[in-house]
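Colleague: Sharing a structure below in structure tokens format, with a few things to ask.
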Amino acid sequence: MKGLNTMTRFPKNFLWGGATAANQYEGAYNLDGKGLSVQDVTPKGGFGPVTEEPTPDNLKLEGIDFYHRYKEDIALFAEMGFKVFRTSIAWSRIFPNGDEETPNEKGLQFYDDLFDELAKYGIEPLVTLSHYETPLHLARTYNGWTNRELIGFYERYVRTVFTRYKDKVKYWLTFNEVNSVLHAPFMSGGIATPLEELSKQDLYQAVHHELVASALATKVGHEINPDFKIGCMVLAMPTYPMTPDPRDVLATRQFSNQNYLFSDIHARGKYPNYITRFFKENGIKIQFADGDKELLAHHTVDFISFSYYMSTVQAHNPEAYSSGKGNILGGVTNPYLESSEWGWQIDPIGLRLVLNDFYDRYQLPLFIVENGLGAKDVLVEGPNGPTVEDDYRIDYLRKHLEQVGEALEDGVEVMGYTTWGCIDLVSASTAEMSKRYGFIYVDRHDDGTGSLARYKKKSFDWYKEVIETNGANI
Ligand code: BG6
């Protein structure tokens, strides 16, 4: 670690903080009028089977009980010096089924209380409007975002929360990892048809509906409060060719385009030319309604936000190599990188590349709204009570932040950085509690046992110092 007096490379108003999502930590899944969301019937995580009803083995139903403990948790975030806190509003707390005319007042009140509590400490909320938690009724009755009617339901929901919190929240994200609908359509897009049976036509039509809804939210948000900063949120994954063989380079380009599609439309306001051929070859004809084109063109985002966990490698002949088992978007294993316990390949330099790529492409401010290491922590007795000696997490975060510093020197404009799961919460992909990311340990286990007590890990003090020194200690 460099000395505390080292000059920082981070801008003065850099937004340091942490990120969460309602369905992974609130719990209280059926309290105060909340309806079910797609998460309540996926006990094994976003890639697992779907149940008819919520089952007791689903850890997300209780989460870490943030719903009742938010004051205690926010006090800990404030102790670390958070400038910003990313969370989502659970759509089904506000509109339990998603298609009602009037919202659930108790749900709205909860977020009023939460934002007021953050304001006490001067912590800026960063709110995701839809984070893998589409109301279940919209999945079962309408087949989620394949149905154009979802745009109207989403508009009613965002209008309601924009109006209610217009003086409490400034930063908004329209859809979490919007590109993940291509890989996990139920979790991401509330699409009940299993991926194997879903036609490409229906899948890309669903994508179109989400993109139009996102532009509509940007329009409505700016009308309600012109000071709102509204961003898209994509799962970012730098993509490397396995070899310099031009066929591998081409495969890399084609894979990247599948992801760029989403940020390109959000930032440039139109479908890119490169997708025309893919649509043609796959028999996809996107149905545009009157006004869609104008909406996309005139209501582009104020900033680009993204999650960053890993890079991927593509080859024209992937069968010739071993494949990256845990890299969620697939690809072959990168022999130069180590992996987390879940097989996610760790690549700090990839973060610098992504930042440069996005900035070069759009010249819009960037916000890293997820990054972190999921690891199996062991609670030990420390001088001040139970703690976790998570040097591996500190090492991971430091290496990534060093690369953010490099990107800043490269000339990239970065608004802020929120680590994923700043307090331990339930994993999205595996629904485990043991895949921990937090600075704060939560006593809950994969079998659902535990007191839910909170303990500070070693990384808690480290991150506090990062924020205090505005990154000079990295
Ligand atoms: C992102 C999601 O994909 O990664 C989060 O936006 C998720 O919801 C995070 O929790 C980490 O993934 P996982 O599967 O380890 O929880």
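Residue numbers start at 1 in each chain; chains themselves are named A, B, ... in the order of the structure tokens; ligands are numbered from 1 in the order shown.
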Would you list the contacts of region 246-258 of chain A as a PyMOL selection string, taking every protein, DNA or RNA residue within 12 Å and counting only C-alpha atoms, but skipping same-chain residues closer than 6 positions in sequence?
Modeller: chain A and resi 178-183+204+207+234-240+264-265+271-279+311-318+329-332+354+357
Colleague: Excluding region 109-124 of chain A and residues on its chain fewer than 3 positions from it, collect all residues at most 9 Å away from it, counting only C-alpha atoms, and give them as a PyMOL selection string.
Modeller: chain A and resi 15+17+67+70-71+74-75+77-78+81-86+89+104-106+164-165+168-171
Colleague: So which bits of region 316-424 of chain A end up alpha helix (DSSP H) when you DSSP the backbone, as a PyMOL selection string?
Modeller: chain A and resi 348-362+391-410
Colleague: Limited to N, CA and C atoms, could you put the picked residues into a file as an mmCIF file, in the first residue's frame?
Modeller:
```
data_model
loop_
_atom_site.group_PDB
_atom_site.id
_atom_site.type_symbol
_atom_site.label_atom_id
_atom_site.label_comp_id
_atom_site.auth_asym_id
_atom_site.auth_seq_id
_atom_site.Cartn_x
_atom_site.Cartn_y
_atom_site.Cartn_z
ATOM 1 N N PRO A 348 -8.213 -7.625 -13.572
ATOM 2 C CA PRO A 348 -8.275 -6.178 -13.289
ATOM 3 C C PRO A 348 -8.008 -5.311 -14.511
ATOM 4 N N ILE A 349 -7.051 -5.712 -15.356
ATOM 5 C CA ILE A 349 -6.742 -4.874 -16.540
ATOM 6 C C ILE A 349 -7.959 -4.784 -17.462
ATOM 7 N N GLY A 350 -8.756 -5.839 -17.475
ATOM 8 C CA GLY A 350 -9.985 -5.829 -18.275
ATOM 9 C C GLY A 350 -10.871 -4.642 -17.919
ATOM 10 N N LEU A 351 -10.838 -4.226 -16.659
ATOM 11 C CA LEU A 351 -11.666 -3.089 -16.241
ATOM 12 C C LEU A 351 -11.165 -1.798 -16.908
ATOM 13 N N ARG A 352 -9.859 -1.636 -16.975
ATOM 14 C CA ARG A 352 -9.305 -0.457 -17.657
ATOM 15 C C ARG A 352 -9.711 -0.468 -19.133
ATOM 16 N N LEU A 353 -9.665 -1.665 -19.739
ATOM 17 C CA LEU A 353 -10.029 -1.775 -21.156
ATOM 18 C C LEU A 353 -11.489 -1.409 -21.387
ATOM 19 N N VAL A 354 -12.367 -1.927 -20.506
ATOM 20 C CA VAL A 354 -13.797 -1.644 -20.655
ATOM 21 C C VAL A 354 -14.047 -0.148 -20.524
ATOM 22 N N LEU A 355 -13.415 0.463 -19.542
ATOM 23 C CA LEU A 355 -13.618 1.907 -19.329
ATOM 24 C C LEU A 355 -13.172 2.685 -20.564
ATOM 25 N N ASN A 356 -12.021 2.335 -21.102
ATOM 26 C CA ASN A 356 -11.529 3.019 -22.300
ATOM 27 C C ASN A 356 -12.440 2.786 -23.499
ATOM 28 N N ASP A 357 -12.885 1.549 -23.646
ATOM 29 C CA ASP A 357 -13.763 1.202 -24.776
ATOM 30 C C ASP A 357 -15.052 2.011 -24.757
ATOM 31 N N PHE A 358 -15.726 1.962 -23.611
ATOM 32 C CA PHE A 358 -17.020 2.659 -23.505
ATOM 33 C C PHE A 358 -16.836 4.165 -23.701
ATOM 34 N N TYR A 359 -15.783 4.709 -23.116
ATOM 35 C CA TYR A 359 -15.624 6.160 -23.192
ATOM 36 C C TYR A 359 -15.299 6.596 -24.609
ATOM 37 N N ASP A 360 -14.464 5.806 -25.247
ATOM 38 C CA ASP A 360 -14.098 6.089 -26.619
ATOM 39 C C ASP A 360 -15.326 6.014 -27.522
ATOM 40 N N ARG A 361 -16.186 5.044 -27.245
ATOM 41 C CA ARG A 361 -17.351 4.798 -28.093
ATOM 42 C C ARG A 361 -18.433 5.862 -27.918
ATOM 43 N N TYR A 362 -18.631 6.320 -26.663
ATOM 44 C CA TYR A 362 -19.790 7.191 -26.397
ATOM 45 C C TYR A 362 -19.453 8.583 -25.870
ATOM 46 N N ASP A 391 -8.150 -10.670 3.388
ATOM 47 C CA ASP A 391 -7.096 -10.011 2.593
ATOM 48 C C ASP A 391 -7.280 -10.255 1.100
ATOM 49 N N TYR A 392 -7.813 -11.432 0.736
ATOM 50 C CA TYR A 392 -8.038 -11.758 -0.685
ATOM 51 C C TYR A 392 -9.012 -10.767 -1.321
ATOM 52 N N ARG A 393 -9.998 -10.325 -0.545
ATOM 53 C CA ARG A 393 -10.981 -9.364 -1.084
ATOM 54 C C ARG A 393 -10.328 -7.992 -1.251
ATOM 55 N N ILE A 394 -9.545 -7.606 -0.259
ATOM 56 C CA ILE A 394 -8.837 -6.318 -0.326
ATOM 57 C C ILE A 394 -7.925 -6.311 -1.555
ATOM 58 N N ASP A 395 -7.217 -7.428 -1.742
ATOM 59 C CA ASP A 395 -6.299 -7.548 -2.868
ATOM 60 C C ASP A 395 -7.046 -7.403 -4.202
ATOM 61 N N TYR A 396 -8.183 -8.096 -4.303
ATOM 62 C CA TYR A 396 -8.998 -8.047 -5.530
ATOM 63 C C TYR A 396 -9.445 -6.614 -5.802
ATOM 64 N N LEU A 397 -10.017 -5.978 -4.781
ATOM 65 C CA LEU A 397 -10.577 -4.633 -4.986
ATOM 66 C C LEU A 397 -9.466 -3.632 -5.282
ATOM 67 N N ARG A 398 -8.333 -3.772 -4.557
ATOM 68 C CA ARG A 398 -7.234 -2.828 -4.784
ATOM 69 C C ARG A 398 -6.736 -2.913 -6.229
ATOM 70 N N LYS A 399 -6.572 -4.146 -6.706
ATOM 71 C CA LYS A 399 -6.073 -4.311 -8.079
ATOM 72 C C LYS A 399 -7.040 -3.705 -9.103
ATOM 73 N N HIS A 400 -8.328 -3.848 -8.850
ATOM 74 C CA HIS A 400 -9.300 -3.265 -9.784
ATOM 75 C C HIS A 400 -9.298 -1.741 -9.685
ATOM 76 N N LEU A 401 -9.195 -1.233 -8.475
ATOM 77 C CA LEU A 401 -9.192 0.227 -8.319
ATOM 78 C C LEU A 401 -7.932 0.853 -8.909
ATOM 79 N N GLU A 402 -6.817 0.130 -8.836
ATOM 80 C CA GLU A 402 -5.591 0.623 -9.487
ATOM 81 C C GLU A 402 -5.861 0.852 -10.976
ATOM 82 N N GLN A 403 -6.603 -0.060 -11.568
ATOM 83 C CA GLN A 403 -6.895 0.047 -13.004
ATOM 84 C C GLN A 403 -7.891 1.160 -13.296
ATOM 85 N N VAL A 404 -8.784 1.437 -12.339
ATOM 86 C CA VAL A 404 -9.680 2.588 -12.511
ATOM 87 C C VAL A 404 -8.814 3.850 -12.531
ATOM 88 N N GLY A 405 -7.825 3.881 -11.633
ATOM 89 C CA GLY A 405 -6.885 5.011 -11.594
ATOM 90 C C GLY A 405 -6.161 5.163 -12.925
ATOM 91 N N GLU A 406 -5.735 4.050 -13.495
ATOM 92 C CA GLU A 406 -5.052 4.099 -14.805
ATOM 93 C C GLU A 406 -6.001 4.667 -15.865
ATOM 94 N N ALA A 407 -7.242 4.200 -15.838
ATOM 95 C CA ALA A 407 -8.211 4.676 -16.842
ATOM 96 C C ALA A 407 -8.456 6.172 -16.675
ATOM 97 N N LEU A 408 -8.500 6.636 -15.424
ATOM 98 C CA LEU A 408 -8.681 8.076 -15.202
ATOM 99 C C LEU A 408 -7.519 8.829 -15.842
ATOM 100 N N GLU A 409 -6.321 8.286 -15.673
ATOM 101 C CA GLU A 409 -5.159 8.941 -16.306
ATOM 102 C C GLU A 409 -5.198 8.833 -17.821
ATOM 103 N N ASP A 410 -5.849 7.792 -18.322
ATOM 104 C CA ASP A 410 -6.026 7.655 -19.783
ATOM 105 C C ASP A 410 -6.987 8.723 -20.311
#
```
Colleague: Between A:Ile284, A:Ala289, A:Val301, A:Leu295, which residue has the minimum interatomic distance to Thr174 (chain A), considering only C-alpha atoms?
Modeller: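 Using only C-alpha atoms, the shortest distance to Thr174 (chain A) belongs to A:Val301.
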Colleague: Write out as a PyMOL selection string all residues of region 179-427 of chain A that DSSP puts in strand (DSSP E or B) for this structure's backbone.
Modeller: chain A and resi 229-236+239-241+303-308+312-314+323+332+339+345+366-370+375+380-382+385-387+414-420+423
Colleague: Need to verify the contact set: Asp390 (chain A), 12 Å, only C-alpha atoms, exclusion of same-chain residues closer than 3 positions in sequence. Can you return it as a VMD selection string?
Modeller: chain A and resid 373 to 380 387 393 to 397 436 to 441 456 to 463
Colleague: Near Glu177 (chain A), within 10 Å and counting only C-alpha atoms, which residues show up once chain neighbours fewer than 5 positions away are dropped, as JSON, numbers by chain?
Modeller: {"A": [130, 131, 132, 188, 232, 233, 234, 235, 236, 262, 305, 306, 307]}
Colleague: Keeping N, CA and C atoms, export the residues of the selection given above as a PDB file, in the first residue's frame.
Modeller:
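Result file part.pdb:
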```
ATOM      1  N   SER A 130     -35.419  -1.716 -12.118  1.00  0.00           N
ATOM      2  CA  SER A 130     -35.795  -3.118 -12.313  1.00  0.00           C
ATOM      3  C   SER A 130     -34.529  -3.974 -12.252  1.00  0.00           C
ATOM      4  N   HIS A 131     -34.364  -4.651 -11.125  1.00  0.00           N
ATOM      5  CA  HIS A 131     -33.158  -5.472 -10.922  1.00  0.00           C
ATOM      6  C   HIS A 131     -33.573  -6.939 -10.772  1.00  0.00           C
ATOM      7  N   TYR A 132     -33.807  -7.610 -11.870  1.00  0.00           N
ATOM      8  CA  TYR A 132     -34.122  -9.053 -11.838  1.00  0.00           C
ATOM      9  C   TYR A 132     -35.320  -9.373 -10.948  1.00  0.00           C
ATOM     10  N   SER A 188     -34.136 -12.161 -15.879  1.00  0.00           N
ATOM     11  CA  SER A 188     -33.863 -10.811 -16.348  1.00  0.00           C
ATOM     12  C   SER A 188     -35.094 -10.146 -16.966  1.00  0.00           C
ATOM     13  N   CYS A 232     -28.213   3.764 -18.338  1.00  0.00           N
ATOM     14  CA  CYS A 232     -28.478   2.349 -18.594  1.00  0.00           C
ATOM     15  C   CYS A 232     -27.487   1.553 -17.755  1.00  0.00           C
ATOM     16  N   MET A 233     -27.700   0.247 -17.662  1.00  0.00           N
ATOM     17  CA  MET A 233     -26.785  -0.598 -16.886  1.00  0.00           C
ATOM     18  C   MET A 233     -26.588  -1.890 -17.666  1.00  0.00           C
ATOM     19  N   VAL A 234     -25.334  -2.149 -18.038  1.00  0.00           N
ATOM     20  CA  VAL A 234     -25.030  -3.349 -18.810  1.00  0.00           C
ATOM     21  C   VAL A 234     -24.016  -4.229 -18.093  1.00  0.00           C
ATOM     22  N   LEU A 235     -24.089  -5.495 -18.399  1.00  0.00           N
ATOM     23  CA  LEU A 235     -23.079  -6.437 -17.909  1.00  0.00           C
ATOM     24  C   LEU A 235     -21.899  -6.314 -18.872  1.00  0.00           C
ATOM     25  N   ALA A 236     -20.789  -5.774 -18.368  1.00  0.00           N
ATOM     26  CA  ALA A 236     -19.649  -5.517 -19.265  1.00  0.00           C
ATOM     27  C   ALA A 236     -18.683  -6.683 -19.222  1.00  0.00           C
ATOM     28  N   PHE A 262     -26.769  -3.229 -26.818  1.00  0.00           N
ATOM     29  CA  PHE A 262     -27.587  -2.594 -25.773  1.00  0.00           C
ATOM     30  C   PHE A 262     -27.086  -1.188 -25.435  1.00  0.00           C
ATOM     31  N   SER A 305     -23.708   2.966 -17.090  1.00  0.00           N
ATOM     32  CA  SER A 305     -23.207   2.244 -15.920  1.00  0.00           C
ATOM     33  C   SER A 305     -23.082   0.764 -16.281  1.00  0.00           C
ATOM     34  N   PHE A 306     -22.217   0.097 -15.536  1.00  0.00           N
ATOM     35  CA  PHE A 306     -22.014  -1.323 -15.843  1.00  0.00           C
ATOM     36  C   PHE A 306     -21.500  -2.088 -14.636  1.00  0.00           C
ATOM     37  N   SER A 307     -21.698  -3.420 -14.711  1.00  0.00           N
ATOM     38  CA  SER A 307     -21.086  -4.320 -13.735  1.00  0.00           C
ATOM     39  C   SER A 307     -19.829  -4.875 -14.387  1.00  0.00           C
TER      40      SER A 307
END
```
